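Participant: For reference, this is data29.pdb, and it has PDB, C-alpha atoms.
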MODEL        1
ATOM      1  CA  MET F 975     -18.307  20.562  21.212
ATOM      2  CA  LYS F 976     -14.959  22.229  21.727
ATOM      3  CA  PRO F 977     -13.268  23.547  18.590
ATOM      4  CA  SER F 978     -10.168  21.429  19.268
ATOM      5  CA  THR F 979     -12.154  18.211  18.790
ATOM      6  CA  LEU F 980     -12.831  19.219  15.186
ATOM      7  CA  SER F 981      -9.140  19.035  14.357
ATOM      8  CA  PRO F 982      -7.952  15.728  12.804
ATOM      9  CA  ALA F 983      -4.837  15.986  14.977
ATOM     10  CA  SER F 984      -7.026  15.391  18.030
ATOM     11  CA  TRP F 985      -8.602  12.203  16.640
ATOM     12  CA  PRO F 986      -7.334   8.738  17.672
ATOM     13  CA  ARG F 987      -4.766   7.280  15.286
ATOM     14  CA  TRP F 988      -7.067   4.451  14.154
ATOM     15  CA  VAL F 989      -9.755   7.005  13.260
ATOM     16  CA  ARG F 990      -7.280   9.050  11.210
ATOM     17  CA  ALA F 991      -6.041   5.896   9.455
ATOM     18  CA  PHE F 992      -9.608   4.830   8.670
ATOM     19  CA  VAL F 993     -10.561   8.261   7.348
ATOM     20  CA  PHE F 994      -7.366   8.455   5.305
ATOM     21  CA  GLY F 995      -8.022   5.053   3.735
ATOM     22  CA  ALA F 996     -11.685   5.786   3.105
ATOM     23  CA  VAL F 997     -10.995   9.134   1.454
ATOM     24  CA  PHE F 998      -8.354   7.801  -0.891
ATOM     25  CA  GLY F 999     -10.415   4.696  -1.557
ATOM     26  CA  VAL F1000     -13.273   6.889  -2.754
ATOM     27  CA  ILE F1001     -10.837   9.015  -4.770
ATOM     28  CA  GLY F1002      -9.335   5.910  -6.352
ATOM     29  CA  TYR F1003     -12.748   4.540  -7.196
ATOM     30  CA  GLY F1004     -13.735   7.858  -8.722
ATOM     31  CA  VAL F1005     -10.579   8.030 -10.815
ATOM     32  CA  GLY F1006     -11.128   4.480 -12.033
ATOM     33  CA  ALA F1007     -14.754   5.196 -12.910
ATOM     34  CA  TRP F1008     -13.743   8.380 -14.730
ATOM     35  CA  LEU F1009     -11.113   6.501 -16.746
ATOM     36  CA  ALA F1010     -13.650   3.832 -17.608
ATOM     37  CA  ARG F1011     -15.925   6.491 -19.125
ATOM     38  CA  THR F1012     -13.425   8.827 -20.758
ATOM     39  CA  ALA F1013     -10.385   6.768 -21.832
ATOM     40  CA  PRO F1014      -9.951   6.453 -25.620
ATOM     41  CA  GLY F1015     -11.640   3.343 -26.891
ATOM     42  CA  GLY F1016     -13.430   2.853 -23.567
ATOM     43  CA  PHE F1017     -12.149   0.812 -20.650
ATOM     44  CA  GLY F1018     -15.250  -1.292 -20.302
ATOM     45  CA  PRO F1019     -15.874  -5.051 -20.171
ATOM     46  CA  SER F1020     -16.738  -5.052 -23.880
ATOM     47  CA  ASP F1021     -13.376  -3.527 -24.817
ATOM     48  CA  MET F1022     -10.890  -4.659 -22.189
ATOM     49  CA  ASP F1023     -10.483  -7.839 -20.201
ATOM     50  CA  LEU F1024     -10.646  -6.228 -16.763
ATOM     51  CA  ARG F1025     -11.147  -8.307 -13.635
ATOM     52  CA  TRP F1026     -12.177  -7.418 -10.103
ATOM     53  CA  SER F1027      -8.579  -8.058  -9.053
ATOM     54  CA  ASP F1028      -7.415  -5.339 -11.456
ATOM     55  CA  GLY F1029      -9.601  -2.824  -9.640
ATOM     56  CA  LEU F1030      -8.363  -4.045  -6.263
ATOM     57  CA  ALA F1031      -4.721  -3.845  -7.359
ATOM     58  CA  MET F1032      -5.253  -0.326  -8.731
ATOM     59  CA  LEU F1033      -6.823   0.795  -5.444
ATOM     60  CA  VAL F1034      -3.946  -0.661  -3.422
ATOM     61  CA  GLY F1035      -1.421   0.930  -5.786
ATOM     62  CA  LEU F1036      -3.130   4.315  -5.521
ATOM     63  CA  ALA F1037      -3.243   3.983  -1.722
ATOM     64  CA  LEU F1038       0.501   3.285  -1.633
ATOM     65  CA  VAL F1039       1.274   6.260  -3.860
ATOM     66  CA  ALA F1040      -1.040   8.491  -1.811
ATOM     67  CA  GLY F1041       0.612   7.314   1.407
ATOM     68  CA  SER F1042       4.000   8.046  -0.118
ATOM     69  CA  LEU F1043       2.985  11.596  -1.025
ATOM     70  CA  TRP F1044       1.580  12.149   2.465
ATOM     71  CA  ALA F1045       4.796  10.900   4.083
ATOM     72  CA  LEU F1046       6.836  13.195   1.851
ATOM     73  CA  TYR F1047       4.629  16.117   2.874
ATOM     74  CA  VAL F1048       5.061  15.301   6.572
ATOM     75  CA  SER F1049       8.843  15.052   6.115
ATOM     76  CA  LEU F1050       8.988  18.683   4.947
ATOM     77  CA  ASN F1051       8.644  19.764   8.577
ATOM     78  CA  ALA F1052      11.066  18.287  11.125
ATOM     79  CA  ASP F1053       8.733  18.992  14.077
ATOM     80  CA  ARG F1054       5.776  17.392  12.341
ATOM     81  CA  LEU F1055       7.833  14.353  11.388
ATOM     82  CA  GLY F1056       9.079  14.024  14.953
ATOM     83  CA  ARG F1057       5.497  14.033  16.262
ATOM     84  CA  MET F1058       4.465  11.472  13.659
ATOM     85  CA  TYR F1059       7.149   9.034  14.832
ATOM     86  CA  ASN F1060       6.761   9.921  18.527
ATOM     87  CA  LEU F1061      10.309  11.253  18.795
ATOM     88  CA  ASP F1062      11.509  13.299  21.755
ATOM     89  CA  GLY F1063      11.932  16.338  19.516
ATOM     90  CA  PRO F1064      12.231  17.358  15.874
ATOM     91  CA  ALA F1065      13.462  14.736  13.447
ATOM     92  CA  SER F1066      17.158  14.896  12.665
ATOM     93  CA  PRO F1067      18.426  15.303   9.077
ATOM     94  CA  ASP F1068      19.284  11.594   8.976
ATOM     95  CA  GLU F1069      15.814  10.621  10.222
ATOM     96  CA  THR F1070      14.222  12.948   7.674
ATOM     97  CA  ALA F1071      16.283  11.472   4.849
ATOM     98  CA  LEU F1072      15.335   7.936   5.913
ATOM     99  CA  ALA F1073      11.645   8.861   6.113
ATOM    100  CA  ARG F1074      11.763  10.295   2.611
ATOM    101  CA  PHE F1075      13.525   7.238   1.263
ATOM    102  CA  GLN F1076      10.903   5.004   2.888
ATOM    103  CA  ALA F1077       8.196   7.132   1.284
ATOM    104  CA  LEU F1078       9.901   6.752  -2.083
ATOM    105  CA  VAL F1079       9.985   2.966  -1.711
ATOM    106  CA  MET F1080       6.303   2.946  -0.751
ATOM    107  CA  GLY F1081       5.337   4.942  -3.820
ATOM    108  CA  PHE F1082       7.559   2.750  -6.010
ATOM    109  CA  SER F1083       5.696  -0.296  -4.671
ATOM    110  CA  GLY F1084       2.390   1.205  -5.764
ATOM    111  CA  VAL F1085       3.690   1.989  -9.240
ATOM    112  CA  ILE F1086       5.085  -1.528  -9.762
ATOM    113  CA  LEU F1087       1.795  -3.073  -8.625
ATOM    114  CA  THR F1088      -0.136  -1.222 -11.320
ATOM    115  CA  LEU F1089       2.340  -1.857 -14.148
ATOM    116  CA  PRO F1090       1.002  -5.309 -15.175
ATOM    117  CA  ILE F1091      -2.447  -3.766 -15.678
ATOM    118  CA  VAL F1092      -1.100  -0.704 -17.487
ATOM    119  CA  PHE F1093       1.145  -2.781 -19.772
ATOM    120  CA  SER F1094      -1.708  -5.169 -20.533
ATOM    121  CA  LEU F1095      -4.146  -2.384 -21.415
ATOM    122  CA  ALA F1096      -1.478  -0.600 -23.469
ATOM    123  CA  GLY F1097      -0.736  -3.737 -25.489
ATOM    124  CA  VAL F1098       2.944  -3.880 -24.489
ATOM    125  CA  ASN F1099       4.796  -6.956 -25.683
ATOM    126  CA  PRO F1100       4.500  -9.536 -22.842
ATOM    127  CA  LEU F1101       8.214 -10.397 -22.867
ATOM    128  CA  LEU F1102       9.235  -6.734 -22.908
ATOM    129  CA  GLY F1103       6.756  -5.844 -20.151
ATOM    130  CA  LEU F1104       7.824  -8.754 -17.960
ATOM    131  CA  SER F1105      11.487  -7.875 -18.438
ATOM    132  CA  ALA F1106      10.867  -4.261 -17.425
ATOM    133  CA  ILE F1107       8.899  -5.336 -14.351
ATOM    134  CA  GLY F1108      11.633  -7.830 -13.433
ATOM    135  CA  LEU F1109      14.338  -5.159 -13.577
ATOM    136  CA  LEU F1110      12.234  -2.784 -11.494
ATOM    137  CA  LEU F1111      11.621  -5.554  -8.950
ATOM    138  CA  VAL F1112      15.371  -6.056  -8.567
ATOM    139  CA  LEU F1113      15.789  -2.334  -7.882
ATOM    140  CA  HIS F1114      12.787  -2.402  -5.532
ATOM    141  CA  THR F1115      14.253  -5.326  -3.590
ATOM    142  CA  VAL F1116      17.580  -3.529  -3.164
ATOM    143  CA  MET F1117      15.740  -0.436  -1.890
ATOM    144  CA  ASN F1118      13.675  -2.519   0.544
ATOM    145  CA  VAL F1119      16.792  -4.184   1.933
ATOM    146  CA  ARG F1120      18.372  -0.774   2.440
ATOM    147  CA  VAL F1121      15.286   0.493   4.266
ATOM    148  CA  TYR F1122      15.235  -2.572   6.528
ATOM    149  CA  ARG F1123      18.940  -2.311   7.360
ATOM    150  CA  GLN F1124      18.719   1.400   8.174
ATOM    151  CA  ALA F1125      15.460   1.169  10.136
ATOM    152  CA  ASP F1126      15.354   1.013  13.927
ATOM    153  CA  GLU F1127      14.245  -2.027  15.892
ATOM    154  CA  LEU F1128      10.660  -0.781  16.245
ATOM    155  CA  LEU F1129      10.158  -0.455  12.503
ATOM    156  CA  ARG F1130      11.801  -3.808  11.858
ATOM    157  CA  ARG F1131       9.464  -5.513  14.294
ATOM    158  CA  ALA F1132       6.487  -3.769  12.664
ATOM    159  CA  VAL F1133       7.554  -5.067   9.240
ATOM    160  CA  ILE F1134       7.986  -8.615  10.531
ATOM    161  CA  GLU F1135       4.668  -8.541  12.386
ATOM    162  CA  ALA F1136       2.814  -7.231   9.330
ATOM    163  CA  ALA F1137       4.348  -9.977   7.181
ATOM    164  CA  ALA F1138       3.432 -12.670   9.725
ATOM    165  CA  VAL F1139      -0.172 -11.483  10.111
ATOM    166  CA  THR F1140      -0.524 -11.225   6.331
ATOM    167  CA  PHE F1141       0.776 -14.770   5.892
ATOM    168  CA  PHE F1142      -1.690 -16.326   8.312
ATOM    169  CA  ALA F1143      -4.624 -14.162   7.181
ATOM    170  CA  GLY F1144      -3.820 -14.848   3.521
ATOM    171  CA  GLN F1145      -3.511 -18.565   4.195
ATOM    172  CA  LEU F1146      -6.954 -18.571   5.832
ATOM    173  CA  VAL F1147      -8.593 -16.611   3.018
ATOM    174  CA  LEU F1148      -6.936 -18.750   0.334
ATOM    175  CA  PHE F1149      -7.997 -21.989   2.030
ATOM    176  CA  LEU F1150     -11.605 -20.850   2.368
ATOM    177  CA  TRP F1151     -11.716 -19.795  -1.282
ATOM    178  CA  ALA F1152     -10.012 -23.013  -2.418
ATOM    179  CA  ALA F1153     -12.500 -25.068  -0.416
ATOM    180  CA  ALA F1154     -15.432 -23.122  -1.895
ATOM    181  CA  GLU F1155     -13.972 -23.531  -5.382
ATOM    182  CA  ARG F1156     -13.522 -27.290  -4.902
ATOM    183  CA  LEU F1157     -17.115 -27.573  -3.689
ATOM    184  CA  GLY F1158     -18.376 -25.647  -6.685
ATOM    185  CA  ALA F1159     -19.530 -22.684  -4.592
ATOM    186  CA  ALA F1160     -17.009 -20.183  -5.989
ATOM    187  CA  PRO F1161     -15.389 -19.531  -9.371
ATOM    188  CA  ALA F1162     -11.759 -20.349 -10.101
ATOM    189  CA  ILE F1163      -9.238 -17.589  -9.444
ATOM    190  CA  THR F1164      -5.901 -16.754 -11.043
ATOM    191  CA  ALA F1165      -2.469 -16.052  -9.582
ATOM    192  CA  TRP F1166      -3.098 -12.338 -10.210
ATOM    193  CA  ASP F1167      -6.338 -12.514  -8.208
ATOM    194  CA  ILE F1168      -4.493 -14.118  -5.311
ATOM    195  CA  TYR F1169      -1.674 -11.568  -5.417
ATOM    196  CA  ALA F1170      -4.083  -8.615  -5.495
ATOM    197  CA  VAL F1171      -5.850  -9.934  -2.391
ATOM    198  CA  LEU F1172      -2.504 -10.621  -0.713
ATOM    199  CA  MET F1173      -1.308  -7.058  -1.306
ATOM    200  CA  ALA F1174      -4.596  -5.649  -0.020
ATOM    201  CA  LEU F1175      -4.231  -7.771   3.120
ATOM    202  CA  TYR F1176      -0.615  -6.678   3.568
ATOM    203  CA  LEU F1177      -1.554  -3.016   3.230
ATOM    204  CA  GLY F1178      -4.336  -3.394   5.789
ATOM    205  CA  CYS F1179      -2.101  -5.320   8.206
ATOM    206  CA  SER F1180       0.718  -2.780   7.812
ATOM    207  CA  VAL F1181      -1.623   0.102   8.646
ATOM    208  CA  TRP F1182      -3.029  -1.780  11.642
ATOM    209  CA  ILE F1183       0.406  -2.687  13.000
ATOM    210  CA  SER F1184       1.735   0.843  12.403
ATOM    211  CA  VAL F1185      -1.193   2.418  14.249
ATOM    212  CA  ARG F1186      -0.811   0.014  17.173
ATOM    213  CA  ARG F1187       2.898   0.801  17.468
ATOM    214  CA  GLY F1188       2.444   4.537  17.070
ATOM    215  CA  LEU F1189       4.099   4.686  13.643
ATOM    216  CA  ALA F1190       1.119   6.204  11.814
TER     217      ALA F1190
ENDMDL
END
Now that the file is in, can you turn its structure into structure tokens?
Facilitator:
Amino acid sequence: MKPSTLSPASWPRWVRAFVFGAVFGVIGYGVGAWLARTAPGGFGPSDMDLRWSDGLAMLVGLALVAGSLWALYVSLNADRLGRMYNLDGPASPDETALARFQALVMGFSGVILTLPIVFSLAGVNPLLGLSAIGLLLVLHTVMNVRVYRQADELLRRAVIEAAAVTFFAGQLVLFLWAAAERLGAAPAITAWDIYAVLMALYLGCSVWISVRRGLA
């Protein structure tokens, strides 16, 4: 085997995306397991009302934050950022600034996704917690609109495609679960369960679309 084939840069994009997701998935699972054992008072089923959707939401949130940190690292080098986005040369200052802002929005998304769990475990007043999340969502929406307006046509199409695939995939999954629930073959789920699955689907679809279009 040639030495160059051992370099991740030589791997196909879908392989790098899979490895990236697997590594941070394992890291996220490890962090969650460590918190469950070492957090004051214990974060176990006997102490906290944790659901499977909480774990899924935490993993998605950690993946978004990890992806944000990786994008920020890539943006530190104009040549590396240019190669990442398949540009003709190094990324310009404007392109670098946009990439960093997009990374910031991605990380912000991950933080907001985990806040309902964190506030619940911390015993934050529901009205106060919901108000804080609502204000952050307004800011997040403004940032997302700015990203979309400043993005090029390729990125806009990737966003729309990811949203469309997520909608149809989520609709299929929700129907199958609803049918199983109605038939008594599956337990009832909550709005939080549905949203956690939806965000996991959206993350997976976004990665898939980005890899196909050469954006990852």
Participant: Considering all atoms listed in the file, state which residue in the set F:Asp1062, F:Gly1097, F:Cys1179, F:Leu1172 is at the smallest distance from Val1133 in chain F.
Facilitator: F:Cys1179
Participant: Select, from F:Ala1132, F:Leu1101, F:Ala1052, F:Leu1072, the residue with the minimum atom-to-atom distance to Arg1120 in chain F, counting all atoms listed in the file.
Facilitator: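 Using all atoms listed in the file, the shortest distance to Arg1120 in chain F belongs to F:Leu1072.
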Participant: Excluding Val1139 in chain F and residues on its chain fewer than 2 positions from it, collect all residues at most 12 Å away from it, counting all atoms listed in the file, and give them as a PyMOL selection string.
Facilitator: chain F and resi 1132-1137+1141-1146+1172+1175-1183
Participant: Do you have the CA of Leu1087 in chain F-CA of Phe1149 in chain F distance handy?
Facilitator: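 Interatomic distance, CA of Leu1087 in chain F to CA of Phe1149 in chain F: 23.8 Å.
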Participant: Counting all atoms listed in the file, which of F:Ala1073, F:Val1121, F:Ile1107, F:Leu1150 gets nearest to Leu1050 in chain F?
Facilitator: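 Among the listed residues, F:Ala1073 lies closest to Leu1050 in chain F.
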Participant: Have a look at F:Ala1037, F:Ala1031, F:Ala1071, F:Val1147 and name the one nearest to Pro1090 in chain F; count only C-alpha atoms.
Facilitator: F:Ala1031
